[in-house]
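Peer 1: Before I ask anything, let me first share the structure, which is written out below as structure tokens.
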Amino acid sequence: MSKEEWKPGNMLYPLPAVMVSCGDINGEYNIITIAWTGTINSEPPMCYISVRPERHSYKMIKEHREFVINLTTTQLAEATDWCGVRSGRNYDKFKEMHLTPIASSYVKAPMIKEAPVSIECKVENVILLGSHDMFIAKVLAVHADEHLIDKKTGALDLRQTEPISYIHGSYYEPGKKIGRFGYSVKKKKST
Ligand SMILES: Cc1cc2nc3c(=O)[nH]c(=O)nc-3n(C[C@H](O)[C@H](O)[C@H](O)COP(=O)(O)O)c2cc1C
């Protein structure tokens with residue numbers, strides 16, 4: 001099989017599509033949909049979001065140096081898309097999408113109540129890359145919907161929420177589970 005060479009571009013998929021809340025719950029706040037995001041360190045837990053300076057949210061994130069990453073679900077897919085094609089300059093995205101801002105523990109930015117998991121982040125570093133500025137942040141706290149936590153084991157079952165992924169311009173529901181971490185090297189049961 002031969003491969004065709006293309007010009008350089010962003011072709012690393014699937015990605016999450018998350019709703020990032022920013023600003024101050026007692027003042028101006030907003031939601032921006034972000035796909036350029038990821039985990040970058042375990043200890044301490046760190047992640048990043050890359051944001052174009054022309055976004056309305058940019059100045060809030062730059063000013064407060066804090067934000068909340070809210071994971072999205074199949075149910076929240078439409079709101080996720082909408083918050084990514086409309087600007088907080090013209091709309092109150094929480095109101096329009098019937099989302100509820102609730103207070104975070106450590107940052108001024110609100111969490112989105114309807115999101116299954118909200119991750120409070122504090123910006124440690126900003127890297128200017130060109131089209132986007134990369135906000136490298138430390139995770140201060142993770143808030144998970146109590147319905148997702150197994151009462152006996154304390155384990156978090158995220159799959160119940162049907163997290164969406166973003167692949168080359170389209171949103172997808174989760175597919176079939178094909179294995180667990182390390183399954184490729186585990187001894188196969190003899191049949
Ligand atoms: C699926 C999706 C992913 C997006 N990812 C990013 C991103 O990673 N960085 C960014 O700056 N904008 C991204 N956008 C665009 C912003 O979400 C969009 O411009 C939004 O309207 C900005 O809102 P604001 O002006 O209220 O800040 C994305 C949009 C969508 C729909």
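Please note that chains go A, B, ... in the order of the structure tokens, that every chain numbers its residues from 1, and that ligands are numbered from 1 in the order shown.
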Just the residues within 12 Å of Ala144 (chain A), please, counting only C-alpha atoms, with nothing from its chain fewer than 4 positions along; format it as a list of chain:residue names.

Peer 2: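 So the residues in contact are A:Ile69, A:Asn70, A:Leu71, A:Met111, A:Ile112, A:Lys113, A:Glu114, A:Ala115, A:Pro116, A:Val117, A:Ser118, A:Ile119, A:Glu120, A:Leu148, A:Ile149, A:Asp150, A:Gly154, A:Ala155, A:Leu156, A:Asp157, A:Leu158, A:Thr161.
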
Peer 1: Export, as a PDB file, in the first residue's frame, the selected residues with C-alpha atoms.

Peer 2:
```pdb
ATOM      1  CA  ILE A  69     -12.480  22.256  30.993  1.00  0.00           C
ATOM      2  CA  ASN A  70     -15.941  20.692  30.864  1.00  0.00           C
ATOM      3  CA  LEU A  71     -16.190  17.304  29.176  1.00  0.00           C
ATOM      4  CA  MET A 111     -18.220  25.096  35.930  1.00  0.00           C
ATOM      5  CA  ILE A 112     -21.007  23.867  33.658  1.00  0.00           C
ATOM      6  CA  LYS A 113     -23.414  21.928  35.861  1.00  0.00           C
ATOM      7  CA  GLU A 114     -24.681  19.742  33.013  1.00  0.00           C
ATOM      8  CA  ALA A 115     -21.165  18.515  32.096  1.00  0.00           C
ATOM      9  CA  PRO A 116     -20.289  15.111  33.588  1.00  0.00           C
ATOM     10  CA  VAL A 117     -16.766  16.196  34.512  1.00  0.00           C
ATOM     11  CA  SER A 118     -15.342  19.679  35.091  1.00  0.00           C
ATOM     12  CA  ILE A 119     -11.612  20.250  35.453  1.00  0.00           C
ATOM     13  CA  GLU A 120     -10.411  23.404  37.194  1.00  0.00           C
ATOM     14  CA  LEU A 148     -21.002   8.354  37.512  1.00  0.00           C
ATOM     15  CA  ILE A 149     -19.179   7.169  40.610  1.00  0.00           C
ATOM     16  CA  ASP A 150     -19.648   3.575  41.694  1.00  0.00           C
ATOM     17  CA  GLY A 154     -15.415   4.683  44.029  1.00  0.00           C
ATOM     18  CA  ALA A 155     -14.538   4.128  40.357  1.00  0.00           C
ATOM     19  CA  LEU A 156     -15.584   6.688  37.774  1.00  0.00           C
ATOM     20  CA  ASP A 157     -17.486   5.273  34.818  1.00  0.00           C
ATOM     21  CA  LEU A 158     -17.130   7.892  32.106  1.00  0.00           C
ATOM     22  CA  THR A 161     -21.839   9.703  29.631  1.00  0.00           C
TER      23      THR A 161
END
```

Peer 1: Can I get the residues close to ligand 1 as a PyMOL selection string, where close means within 8 Å and we count only C-alpha atoms and all ligand atoms?

Peer 2: chain A and resi 17-18+30-37+49-58+80-89+91+93+132+166+169-171

Peer 1: Check the smallest atom-to-atom distance from each of A:Lys138, A:Lys187, A:His147, A:Lys59 to Cys121 (chain A) using only C-alpha atoms, then report the winner.

Peer 2: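 When distances to Cys121 (chain A) are compared using only C-alpha atoms, the smallest one comes from A:Lys138.
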
Peer 1: Could you pull out the alpha helix (DSSP H) residues of region 54-153 of chain A, going by DSSP on the backbone, and write them as an MDAnalysis selection string?

Peer 2: chainID A and resid 56:64 77:83 93:96

Peer 1: Save the residues we just selected, C-alpha atoms, as an mmCIF file, in the first residue's frame?

Peer 2:
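Produced file selection10.cif, reproduced below:
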```cif
data_model
loop_
_atom_site.group_PDB
_atom_site.id
_atom_site.type_symbol
_atom_site.label_atom_id
_atom_site.label_comp_id
_atom_site.auth_asym_id
_atom_site.auth_seq_id
_atom_site.Cartn_x
_atom_site.Cartn_y
_atom_site.Cartn_z
ATOM 1 C CA HIS A 56 -13.828 36.714 22.863
ATOM 2 C CA SER A 57 -12.787 34.168 25.501
ATOM 3 C CA TYR A 58 -9.096 34.785 24.909
ATOM 4 C CA LYS A 59 -8.873 37.995 26.898
ATOM 5 C CA MET A 60 -10.732 36.434 29.851
ATOM 6 C CA ILE A 61 -8.365 33.467 29.929
ATOM 7 C CA LYS A 62 -5.347 35.757 29.534
ATOM 8 C CA GLU A 63 -6.556 38.130 32.260
ATOM 9 C CA HIS A 64 -7.666 35.576 34.873
ATOM 10 C CA ALA A 77 -23.080 17.753 21.422
ATOM 11 C CA GLU A 78 -25.363 20.423 19.996
ATOM 12 C CA ALA A 79 -24.481 22.913 22.740
ATOM 13 C CA THR A 80 -20.798 22.094 22.190
ATOM 14 C CA ASP A 81 -21.069 22.872 18.510
ATOM 15 C CA TRP A 82 -23.126 26.026 19.093
ATOM 16 C CA CYS A 83 -20.641 27.418 21.615
ATOM 17 C CA LYS A 93 -24.057 31.094 25.798
ATOM 18 C CA PHE A 94 -25.186 29.654 29.136
ATOM 19 C CA LYS A 95 -28.663 31.160 28.673
ATOM 20 C CA GLU A 96 -28.973 30.286 24.994
#
```

Peer 1: When you look at Pro163 (chain A) with a cut-off of 9 Å (counting only C-alpha atoms), what residues show up, excluding the ones that are within fewer than 3 positions of it in the same chain? I need them as a ChimeraX atom specification.

Peer 2: /A:16,71-74,158-160,172-174
